[in-house]
>>> print(open('query00.tsv').read())   # TSV, C-alpha atoms
chain	number	residue	atom	x	y	z
F	286	MET	CA	-55.72	172.61	-94.36
F	287	THR	CA	-53.66	175.34	-92.79
F	288	GLY	CA	-50.19	174.22	-91.72
F	289	ALA	CA	-47.88	175.51	-89.04
F	290	ARG	CA	-45.88	178.43	-90.35
F	291	GLY	CA	-42.80	180.16	-89.06
F	292	GLN	CA	-42.36	183.87	-88.56
F	293	ASP	CA	-41.36	184.20	-92.22
F	294	GLY	CA	-44.66	182.71	-93.34
F	295	LEU	CA	-43.11	179.50	-94.67
F	296	LEU	CA	-44.44	176.07	-93.82
F	297	SER	CA	-42.49	174.18	-91.18
F	298	PRO	CA	-40.38	171.20	-92.35
F	299	ASP	CA	-42.83	168.79	-90.65
F	300	GLU	CA	-45.77	170.27	-92.54
F	301	VAL	CA	-43.86	170.10	-95.84
F	302	LEU	CA	-43.00	166.46	-95.14
F	303	HIS	CA	-46.62	165.61	-94.25
F	304	ARG	CA	-47.75	167.10	-97.56
F	305	ALA	CA	-45.05	165.17	-99.40
F	306	ALA	CA	-46.25	161.99	-97.71
F	307	GLU	CA	-49.83	162.73	-98.81
F	308	ARG	CA	-48.70	163.17	-102.42
F	309	LEU	CA	-46.66	159.98	-102.36
F	310	ALA	CA	-49.45	158.02	-100.65
F	311	GLN	CA	-51.72	158.93	-103.56
F	312	GLN	CA	-49.04	157.96	-106.07
F	313	PHE	CA	-48.52	154.56	-104.42
F	314	THR	CA	-52.16	153.81	-103.58
F	315	GLY	CA	-52.74	150.06	-103.53
F	316	MET	CA	-49.02	149.32	-103.33
F	317	VAL	CA	-47.84	150.85	-100.06
F	318	ASN	CA	-50.08	151.97	-97.20
F	319	ALA	CA	-50.14	155.58	-96.04
F	320	GLU	CA	-48.49	154.82	-92.70
F	321	THR	CA	-45.51	153.21	-94.43
F	322	VAL	CA	-45.24	156.13	-96.84
F	323	GLU	CA	-45.14	158.64	-93.98
F	324	ARG	CA	-42.56	156.57	-92.10
F	325	VAL	CA	-40.34	156.38	-95.19
F	326	VAL	CA	-40.61	160.14	-95.78
F	327	PHE	CA	-39.66	161.10	-92.22
F	328	GLU	CA	-36.94	158.41	-92.02
F	329	SER	CA	-35.48	159.68	-95.28
F	330	TYR	CA	-35.49	163.27	-94.09
F	331	THR	CA	-33.82	162.34	-90.79
F	332	ALA	CA	-31.17	160.24	-92.52
F	333	LEU	CA	-30.33	162.98	-95.03
F	334	ALA	CA	-30.31	165.66	-92.33
F	335	ARG	CA	-27.52	163.87	-90.45
F	336	THR	CA	-24.98	164.88	-93.09
F	337	ALA	CA	-26.61	167.73	-95.00
F	338	THR	CA	-24.69	171.01	-94.87
F	339	VAL	CA	-27.60	173.05	-96.23
F	340	SER	CA	-31.17	172.40	-95.05
F	341	THR	CA	-33.08	174.81	-97.32
F	342	HIS	CA	-34.07	172.22	-99.94
F	343	LEU	CA	-33.84	169.18	-97.70
F	344	PRO	CA	-37.59	168.42	-97.58
F	345	SER	CA	-37.81	168.35	-101.39
F	346	ILE	CA	-34.68	166.19	-101.61
F	347	ALA	CA	-36.20	163.88	-98.99
F	348	GLU	CA	-39.37	163.60	-101.09
F	349	LYS	CA	-37.34	162.64	-104.15
F	350	PHE	CA	-35.35	160.08	-102.16
F	351	SER	CA	-38.55	158.71	-100.59
F	352	ARG	CA	-40.19	158.31	-104.00
F	353	ASP	CA	-37.25	156.23	-105.18
F	354	ARG	CA	-37.29	154.12	-102.00
F	355	LEU	CA	-41.04	153.51	-102.32
F	356	THR	CA	-40.62	152.57	-105.98
F	357	ALA	CA	-37.92	150.08	-104.95
F	358	LEU	CA	-40.18	148.70	-102.21
F	359	ALA	CA	-43.07	148.24	-104.64
F	360	GLN	CA	-40.72	146.60	-107.15
F	361	SER	CA	-39.42	144.16	-104.55
F	362	ARG	CA	-43.04	143.21	-103.77
F	363	GLY	CA	-43.79	142.65	-107.45
F	364	MET	CA	-46.27	145.54	-107.60
F	365	ILE	CA	-44.27	147.59	-110.10
F	366	ALA	CA	-42.75	145.87	-113.09
F	367	LYS	CA	-39.02	146.10	-113.72
F	368	PRO	CA	-38.73	146.47	-117.51
F	369	VAL	CA	-34.93	146.71	-117.34
F	370	PRO	CA	-32.25	145.39	-114.94
F	371	GLU	CA	-31.74	147.31	-111.70
F	372	ILE	CA	-28.16	148.10	-110.65
F	373	LEU	CA	-27.21	149.38	-107.20
F	374	TYR	CA	-23.76	150.85	-106.55
F	375	VAL	CA	-22.62	151.13	-102.94
F	376	CYS	CA	-19.54	152.75	-101.39
F	377	VAL	CA	-18.92	154.31	-97.99
F	378	GLN	CA	-19.91	157.96	-98.47
F	379	ASN	CA	-21.75	157.85	-101.81
F	380	SER	CA	-19.75	160.94	-102.71
F	381	GLY	CA	-17.18	159.44	-105.07
F	382	ARG	CA	-16.91	155.93	-106.48
F	383	SER	CA	-20.56	154.85	-106.41
F	384	GLN	CA	-21.71	158.22	-107.77
F	385	MET	CA	-19.16	157.96	-110.59
F	386	ALA	CA	-20.28	154.42	-111.41
F	387	ALA	CA	-23.96	155.36	-111.43
F	388	ALA	CA	-23.38	158.42	-113.59
F	389	ILE	CA	-21.18	156.55	-116.07
F	390	THR	CA	-23.72	153.73	-116.27
F	391	ARG	CA	-26.53	156.16	-117.08
F	392	HIS	CA	-24.30	157.84	-119.65
F	393	LEU	CA	-23.43	154.58	-121.39
F	394	ALA	CA	-26.67	152.64	-121.06
F	395	GLY	CA	-29.38	155.28	-121.22
F	396	ASP	CA	-32.69	153.60	-120.46
F	397	ARG	CA	-31.41	150.04	-120.93
F	398	VAL	CA	-30.88	149.75	-117.17
F	399	HIS	CA	-32.07	151.58	-114.07
F	400	VAL	CA	-29.38	152.73	-111.66
F	401	ARG	CA	-29.29	153.64	-107.98
F	402	SER	CA	-26.39	154.46	-105.67
F	403	ALA	CA	-26.02	154.65	-101.89
F	404	GLY	CA	-23.49	154.93	-99.08
F	405	SER	CA	-23.04	152.94	-95.89
F	406	GLN	CA	-22.01	156.22	-94.18
F	407	PRO	CA	-23.14	158.95	-96.63
F	408	GLY	CA	-21.17	162.17	-96.85
F	409	SER	CA	-22.46	165.72	-97.04
F	410	GLY	CA	-22.07	166.10	-100.81
F	411	ILE	CA	-20.38	164.79	-103.94
F	412	LEU	CA	-16.66	165.54	-104.00
F	413	PRO	CA	-16.01	168.64	-106.17
F	414	SER	CA	-13.08	166.83	-107.80
F	415	VAL	CA	-15.39	163.98	-108.81
F	416	VAL	CA	-17.86	166.48	-110.29
F	417	ALA	CA	-14.96	168.02	-112.24
F	418	VAL	CA	-13.57	164.82	-113.76
F	419	LEU	CA	-17.05	163.65	-114.78
F	420	ALA	CA	-17.73	167.02	-116.38
F	421	GLU	CA	-14.57	166.51	-118.46
F	422	VAL	CA	-16.30	163.59	-120.21
F	423	GLY	CA	-19.66	165.36	-120.54
F	424	ILE	CA	-21.40	163.90	-117.49
F	425	ASP	CA	-23.32	166.26	-115.19
F	426	VAL	CA	-23.94	165.16	-111.58
F	427	SER	CA	-24.92	168.57	-110.21
F	428	GLU	CA	-28.40	167.31	-109.26
F	429	GLU	CA	-27.15	164.21	-107.43
F	430	PHE	CA	-26.68	163.88	-103.67
F	431	PRO	CA	-25.36	161.23	-101.24
F	432	LYS	CA	-28.05	158.79	-100.13
F	433	PRO	CA	-28.00	156.33	-97.22
F	434	LEU	CA	-28.08	152.62	-97.95
F	435	THR	CA	-31.55	151.22	-97.26
F	436	ASP	CA	-32.90	147.70	-97.32
F	437	ASP	CA	-35.57	148.47	-99.92
F	438	VAL	CA	-33.11	149.51	-102.66
F	439	VAL	CA	-31.03	146.37	-102.07
F	440	ARG	CA	-34.13	144.17	-102.34
F	441	ALA	CA	-35.10	145.82	-105.64
F	442	ALA	CA	-31.66	145.45	-107.25
F	443	ASP	CA	-30.69	142.70	-109.68
F	444	ALA	CA	-26.98	143.48	-109.36
F	445	VAL	CA	-25.33	145.01	-106.29
F	446	ILE	CA	-21.85	146.44	-106.82
F	447	THR	CA	-19.87	147.32	-103.69
F	448	MET	CA	-16.76	149.47	-103.53
F	449	GLY	CA	-14.93	149.37	-100.23
F	450	CYS	CA	-17.94	149.34	-97.90
F	451	GLY	CA	-17.11	146.02	-96.26
F	452	ASP	CA	-20.06	143.99	-94.98
F	453	ALA	CA	-22.45	146.95	-94.70
F	454	CYS	CA	-24.60	145.78	-97.61
F	455	PRO	CA	-27.22	143.16	-96.68
F	456	PHE	CA	-27.16	139.90	-98.64
F	457	TYR	CA	-30.22	138.44	-100.36
F	458	PRO	CA	-30.17	135.18	-102.33
F	459	GLY	CA	-30.77	135.39	-106.06
F	460	LYS	CA	-28.97	138.68	-106.59
F	461	ARG	CA	-25.66	139.22	-108.27
F	462	TYR	CA	-23.03	140.71	-105.96
F	463	LEU	CA	-19.73	142.12	-107.19
F	464	ASP	CA	-17.00	144.00	-105.37
F	465	TRP	CA	-14.85	146.42	-107.36
F	466	ASP	CA	-11.49	147.17	-105.78
F	467	LEU	CA	-11.14	150.91	-106.45
F	468	GLN	CA	-9.15	153.64	-104.76
F	469	ASP	CA	-11.12	156.26	-102.85
F	470	PRO	CA	-11.18	159.54	-104.83
F	471	ALA	CA	-11.07	161.45	-101.53
F	472	ASP	CA	-7.42	160.37	-101.20
F	473	LEU	CA	-6.38	161.19	-104.78
F	474	ASP	CA	-5.41	164.17	-106.92
F	475	LEU	CA	-7.23	164.91	-110.19
F	476	ASP	CA	-5.03	162.60	-112.27
F	477	GLY	CA	-5.66	159.79	-109.80
F	478	ILE	CA	-9.41	160.38	-109.92
F	479	ARG	CA	-9.31	160.34	-113.71
F	480	GLN	CA	-7.68	156.90	-113.53
F	481	VAL	CA	-10.44	155.69	-111.19
F	482	ARG	CA	-13.07	157.17	-113.54
F	483	ASP	CA	-11.60	155.31	-116.52
F	484	GLU	CA	-11.29	152.09	-114.52
F	485	ILE	CA	-14.94	152.38	-113.48
F	486	ARG	CA	-15.93	152.86	-117.11
F	487	ARG	CA	-14.19	149.61	-118.06
F	488	HIS	CA	-15.98	147.76	-115.25
F	489	VAL	CA	-19.31	149.28	-116.24
F	490	GLU	CA	-18.88	148.33	-119.89
F	491	GLU	CA	-18.23	144.72	-118.88
F	492	LEU	CA	-21.24	144.69	-116.55
F	493	LEU	CA	-23.56	146.16	-119.17
F	494	THR	CA	-22.43	143.60	-121.73
F	495	GLU	CA	-23.48	140.86	-119.31
F	496	LEU	CA	-26.74	142.43	-118.12
F	497	SER	CA	-27.88	144.08	-121.33
F	498	PRO	CA	-25.76	142.94	-124.25
F	499	VAL	CA	-25.87	145.94	-126.55
F	500	THR	CA	-22.74	147.72	-127.75
F	501	THR	CA	-22.01	150.77	-125.58
F	502	PRO	CA	-21.01	154.09	-127.17
>>> encode(input="query00.tsv", output="structure tokens")
Amino acid sequence: MTGARGQDGLLSPDEVLHRAAERLAQQFTGMVNAETVERVVFESYTALARTATVSTHLPSIAEKFSRDRLTALAQSRGMIAKPVPEILYVCVQNSGRSQMAAAITRHLAGDRVHVRSAGSQPGSGILPSVVAVLAEVGIDVSEEFPKPLTDDVVRAADAVITMGCGDACPFYPGKRYLDWDLQDPADLDLDGIRQVRDEIRRHVEELLTELSPVTTP
């Protein structure tokens, strides 16, 4: 099929998204119908585009985000098994605290848990100062990006950890909800962000002990 192309010969964003939806529909055959897949792909692209400062790779980022959302949707419907606990971290912009918590959890737990993060009002990118203080402890978040909070990732989570996002996160019975009172890195200097990073690590270690009781490194 020949898609609409711009003057530079590249496929239009809509055509790229339609092709992404076709790929994902094949991947989730029997779990999510094609119409839902396409809706999720275009919704994801629109939501990310609201805050993105660079649009060049946005369709591919939207496909990655959509795949995770569809996985969460299939998990919440019991169509994909959850071999390990699912943790969702939520803050306002998903550019500081929740990204730090997710990255530290992956660093400490490896494949013993699955981690997602989201923002009630996602920012345009991870704070450079947050990237720097995580790099100091050997954690790379260069491939991460702020993601909007969606119902499907909340439904799939076993534990939902909020950090200053108020009542933005929907409540579902049977899930564990915690609120960590942490300062916003956007308001802090590097030393202050390091303190938040270390405080998050302590919280994460406690949470992992409860969810997956294996000694962390």
>>> residues_around(input="query00.tsv", residues="region 396-400 of chain F", least_positions_apart="4", cutoff="12 Å", atoms="all atoms listed in the file", output="VMD selection string")
chain F and resid 353 356 to 357 367 to 375 383 to 392 438 to 439 441 to 446 489 492 to 501
>>> closest_residue(input="query00.tsv", among="F:Val426, F:Ser361, F:Arg487, F:Pro433", to="Ala334 (chain F)", atoms="all atoms listed in the file")
F:Pro433
>>> closest_atom_pairs(input="query00.tsv", of="region 322-427 of chain F", to="region 294-309 of chain F", cutoff="7 Å", atoms="all atoms listed in the file", output="CSV")
residue,atom,partner,partner_atom,distance
F:Val322,CA,F:Ala306,CA,6.0
F:Glu323,CA,F:Ala306,CA,5.1
F:Val326,CA,F:Ala306,CA,6.2
F:Phe327,CA,F:Leu302,CA,7.0
F:Pro344,CA,F:Leu302,CA,6.3
F:Glu348,CA,F:Ala305,CA,6.1
F:Arg352,CA,F:Leu309,CA,6.9
>>> atom_distance(input="query00.tsv", atom1="CA of Gln378 (chain F)", atom2="CA of Val416 (chain F)")
14.7 Å
>>> atom_distance(input="query00.tsv", atom1="CA of Asp476 (chain F)", atom2="CA of Pro407 (chain F)")
24.2 Å
>>> residues_around(input="query00.tsv", residues="Ala417 (chain F)", least_positions_apart="6", cutoff="10 Å", atoms="all atoms listed in the file", output="MDAnalysis selection string")
chainID F and resid 423:426 475 478:479
>>> atom_distance(input="query00.tsv", atom1="CA of Asp472 (chain F)", atom2="CA of Phe430 (chain F)")
19.7 Å
>>> closest_residue(input="query00.tsv", among="F:Thr336, F:Leu358, F:Val415, F:Phe313", to="Gly477 (chain F)", atoms="all atoms listed in the file")
F:Val415
>>> closest_residue(input="query00.tsv", among="F:Asp436, F:Glu328, F:Glu484, F:Asp474", to="Arg382 (chain F)", atoms="only C-alpha atoms")
F:Glu484
>>> residues_around(input="query00.tsv", residues="Ser380 (chain F)", least_positions_apart="4", cutoff="7 Å", atoms="only C-alpha atoms", output="PyMOL selection string")
chain F and resi 384+408+410-412+431
>>> residues_around(input="query00.tsv", residues="Thr435 (chain F)", least_positions_apart="6", cutoff="9 Å", atoms="all atoms listed in the file", output="ChimeraX atom specification")
/F:354,403,405,454
>>> write_last_selection(input="query00.tsv", atoms="C-alpha atoms", output="short mmCIF file (atom, residue, chain, number, x, y, z; two decimals), keeping the file's coordinate frame")
data_model
loop_
_atom_site.label_atom_id
_atom_site.label_comp_id
_atom_site.auth_asym_id
_atom_site.auth_seq_id
_atom_site.Cartn_x
_atom_site.Cartn_y
_atom_site.Cartn_z
CA ARG F 354 -37.29 154.12 -102.00
CA ALA F 403 -26.02 154.65 -101.89
CA SER F 405 -23.04 152.94 -95.89
CA CYS F 454 -24.60 145.78 -97.61
#
>>> closest_residue(input="query00.tsv", among="F:Val325, F:Leu393, F:Phe456, F:Gly381", to="Leu473 (chain F)", atoms="all atoms listed in the file")
F:Gly381
>>> build_atoms(input="query00.tsv", residues="region 424-459 of chain F", atoms="N, CA and C atoms", output="PDB file, in the coordinates of the input")
ATOM      1  N   ILE F 424     -20.412 164.464-118.403  1.00  0.00           N
ATOM      2  CA  ILE F 424     -21.400 163.900-117.490  1.00  0.00           C
ATOM      3  C   ILE F 424     -21.665 164.896-116.362  1.00  0.00           C
ATOM      4  N   ASP F 425     -22.928 165.265-116.187  1.00  0.00           N
ATOM      5  CA  ASP F 425     -23.320 166.260-115.190  1.00  0.00           C
ATOM      6  C   ASP F 425     -23.958 165.558-113.989  1.00  0.00           C
ATOM      7  N   VAL F 426     -23.374 165.748-112.798  1.00  0.00           N
ATOM      8  CA  VAL F 426     -23.940 165.160-111.580  1.00  0.00           C
ATOM      9  C   VAL F 426     -24.356 166.254-110.585  1.00  0.00           C
ATOM     10  N   SER F 427     -24.604 167.434-111.093  1.00  0.00           N
ATOM     11  CA  SER F 427     -24.920 168.570-110.210  1.00  0.00           C
ATOM     12  C   SER F 427     -26.218 168.374-109.441  1.00  0.00           C
ATOM     13  N   GLU F 428     -27.122 167.527-109.938  1.00  0.00           N
ATOM     14  CA  GLU F 428     -28.400 167.310-109.260  1.00  0.00           C
ATOM     15  C   GLU F 428     -28.367 166.104-108.318  1.00  0.00           C
ATOM     16  N   GLU F 429     -27.248 165.402-108.262  1.00  0.00           N
ATOM     17  CA  GLU F 429     -27.150 164.210-107.430  1.00  0.00           C
ATOM     18  C   GLU F 429     -26.761 164.568-105.997  1.00  0.00           C
ATOM     19  N   PHE F 430     -27.004 163.656-105.075  1.00  0.00           N
ATOM     20  CA  PHE F 430     -26.680 163.880-103.670  1.00  0.00           C
ATOM     21  C   PHE F 430     -26.442 162.528-102.997  1.00  0.00           C
ATOM     22  N   PRO F 431     -25.595 162.488-101.958  1.00  0.00           N
ATOM     23  CA  PRO F 431     -25.360 161.230-101.240  1.00  0.00           C
ATOM     24  C   PRO F 431     -26.626 160.719-100.572  1.00  0.00           C
ATOM     25  N   LYS F 432     -26.850 159.410-100.681  1.00  0.00           N
ATOM     26  CA  LYS F 432     -28.050 158.790-100.130  1.00  0.00           C
ATOM     27  C   LYS F 432     -27.641 157.632 -99.211  1.00  0.00           C
ATOM     28  N   PRO F 433     -28.321 157.455 -98.099  1.00  0.00           N
ATOM     29  CA  PRO F 433     -28.000 156.330 -97.220  1.00  0.00           C
ATOM     30  C   PRO F 433     -28.450 155.002 -97.823  1.00  0.00           C
ATOM     31  N   LEU F 434     -27.733 153.965 -97.497  1.00  0.00           N
ATOM     32  CA  LEU F 434     -28.080 152.620 -97.950  1.00  0.00           C
ATOM     33  C   LEU F 434     -29.297 152.138 -97.187  1.00  0.00           C
ATOM     34  N   THR F 435     -30.330 151.723 -97.897  1.00  0.00           N
ATOM     35  CA  THR F 435     -31.550 151.220 -97.260  1.00  0.00           C
ATOM     36  C   THR F 435     -31.874 149.826 -97.797  1.00  0.00           C
ATOM     37  N   ASP F 436     -32.576 149.079 -96.979  1.00  0.00           N
ATOM     38  CA  ASP F 436     -32.900 147.700 -97.320  1.00  0.00           C
ATOM     39  C   ASP F 436     -33.742 147.609 -98.589  1.00  0.00           C
ATOM     40  N   ASP F 437     -34.648 148.566 -98.793  1.00  0.00           N
ATOM     41  CA  ASP F 437     -35.570 148.470 -99.920  1.00  0.00           C
ATOM     42  C   ASP F 437     -34.841 148.554-101.262  1.00  0.00           C
ATOM     43  N   VAL F 438     -33.803 149.408-101.374  1.00  0.00           N
ATOM     44  CA  VAL F 438     -33.110 149.510-102.660  1.00  0.00           C
ATOM     45  C   VAL F 438     -32.261 148.272-102.936  1.00  0.00           C
ATOM     46  N   VAL F 439     -31.775 147.623-101.870  1.00  0.00           N
ATOM     47  CA  VAL F 439     -31.030 146.370-102.070  1.00  0.00           C
ATOM     48  C   VAL F 439     -31.979 145.277-102.553  1.00  0.00           C
ATOM     49  N   ARG F 440     -33.149 145.189-101.929  1.00  0.00           N
ATOM     50  CA  ARG F 440     -34.130 144.170-102.340  1.00  0.00           C
ATOM     51  C   ARG F 440     -34.547 144.326-103.797  1.00  0.00           C
ATOM     52  N   ALA F 441     -34.634 145.568-104.278  1.00  0.00           N
ATOM     53  CA  ALA F 441     -35.100 145.820-105.640  1.00  0.00           C
ATOM     54  C   ALA F 441     -34.026 145.576-106.693  1.00  0.00           C
ATOM     55  N   ALA F 442     -32.758 145.538-106.291  1.00  0.00           N
ATOM     56  CA  ALA F 442     -31.660 145.450-107.250  1.00  0.00           C
ATOM     57  C   ALA F 442     -31.494 144.037-107.811  1.00  0.00           C
ATOM     58  N   ASP F 443     -31.079 143.972-109.068  1.00  0.00           N
ATOM     59  CA  ASP F 443     -30.690 142.700-109.680  1.00  0.00           C
ATOM     60  C   ASP F 443     -29.193 142.464-109.509  1.00  0.00           C
ATOM     61  N   ALA F 444     -28.427 143.558-109.557  1.00  0.00           N
ATOM     62  CA  ALA F 444     -26.980 143.480-109.360  1.00  0.00           C
ATOM     63  C   ALA F 444     -26.581 144.532-108.338  1.00  0.00           C
ATOM     64  N   VAL F 445     -25.802 144.112-107.342  1.00  0.00           N
ATOM     65  CA  VAL F 445     -25.330 145.010-106.290  1.00  0.00           C
ATOM     66  C   VAL F 445     -23.804 145.071-106.381  1.00  0.00           C
ATOM     67  N   ILE F 446     -23.287 146.264-106.648  1.00  0.00           N
ATOM     68  CA  ILE F 446     -21.850 146.440-106.820  1.00  0.00           C
ATOM     69  C   ILE F 446     -21.327 147.243-105.629  1.00  0.00           C
ATOM     70  N   THR F 447     -20.439 146.636-104.849  1.00  0.00           N
ATOM     71  CA  THR F 447     -19.870 147.320-103.690  1.00  0.00           C
ATOM     72  C   THR F 447     -18.455 147.783-104.000  1.00  0.00           C
ATOM     73  N   MET F 448     -18.058 148.845-103.295  1.00  0.00           N
ATOM     74  CA  MET F 448     -16.760 149.470-103.530  1.00  0.00           C
ATOM     75  C   MET F 448     -16.185 149.926-102.194  1.00  0.00           C
ATOM     76  N   GLY F 449     -15.610 149.001-101.457  1.00  0.00           N
ATOM     77  CA  GLY F 449     -14.930 149.370-100.230  1.00  0.00           C
ATOM     78  C   GLY F 449     -15.821 149.635 -99.047  1.00  0.00           C
ATOM     79  N   CYS F 450     -17.055 149.095 -99.042  1.00  0.00           N
ATOM     80  CA  CYS F 450     -17.940 149.340 -97.900  1.00  0.00           C
ATOM     81  C   CYS F 450     -18.043 148.142 -96.982  1.00  0.00           C
ATOM     82  N   GLY F 451     -17.155 147.168 -97.163  1.00  0.00           N
ATOM     83  CA  GLY F 451     -17.110 146.020 -96.260  1.00  0.00           C
ATOM     84  C   GLY F 451     -18.386 145.206 -96.285  1.00  0.00           C
ATOM     85  N   ASP F 452     -18.875 144.845 -95.088  1.00  0.00           N
ATOM     86  CA  ASP F 452     -20.060 143.990 -94.980  1.00  0.00           C
ATOM     87  C   ASP F 452     -21.332 144.791 -94.709  1.00  0.00           C
ATOM     88  N   ALA F 453     -21.299 146.101 -95.016  1.00  0.00           N
ATOM     89  CA  ALA F 453     -22.450 146.950 -94.700  1.00  0.00           C
ATOM     90  C   ALA F 453     -23.674 146.602 -95.531  1.00  0.00           C
ATOM     91  N   CYS F 454     -23.482 146.052 -96.712  1.00  0.00           N
ATOM     92  CA  CYS F 454     -24.600 145.780 -97.610  1.00  0.00           C
ATOM     93  C   CYS F 454     -25.248 144.446 -97.268  1.00  0.00           C
ATOM     94  N   PRO F 455     -26.551 144.419 -97.001  1.00  0.00           N
ATOM     95  CA  PRO F 455     -27.220 143.160 -96.680  1.00  0.00           C
ATOM     96  C   PRO F 455     -27.220 142.207 -97.872  1.00  0.00           C
ATOM     97  N   PHE F 456     -27.220 140.920 -97.587  1.00  0.00           N
ATOM     98  CA  PHE F 456     -27.160 139.900 -98.640  1.00  0.00           C
ATOM     99  C   PHE F 456     -28.527 139.255 -98.799  1.00  0.00           C
ATOM    100  N   TYR F 457     -28.982 139.138-100.055  1.00  0.00           N
ATOM    101  CA  TYR F 457     -30.220 138.440-100.360  1.00  0.00           C
ATOM    102  C   TYR F 457     -29.944 137.427-101.463  1.00  0.00           C
ATOM    103  N   PRO F 458     -30.383 136.189-101.298  1.00  0.00           N
ATOM    104  CA  PRO F 458     -30.170 135.180-102.330  1.00  0.00           C
ATOM    105  C   PRO F 458     -30.812 135.588-103.653  1.00  0.00           C
ATOM    106  N   GLY F 459     -30.212 135.144-104.741  1.00  0.00           N
ATOM    107  CA  GLY F 459     -30.770 135.390-106.060  1.00  0.00           C
ATOM    108  C   GLY F 459     -30.304 136.664-106.717  1.00  0.00           C
TER     109      GLY F 459
END
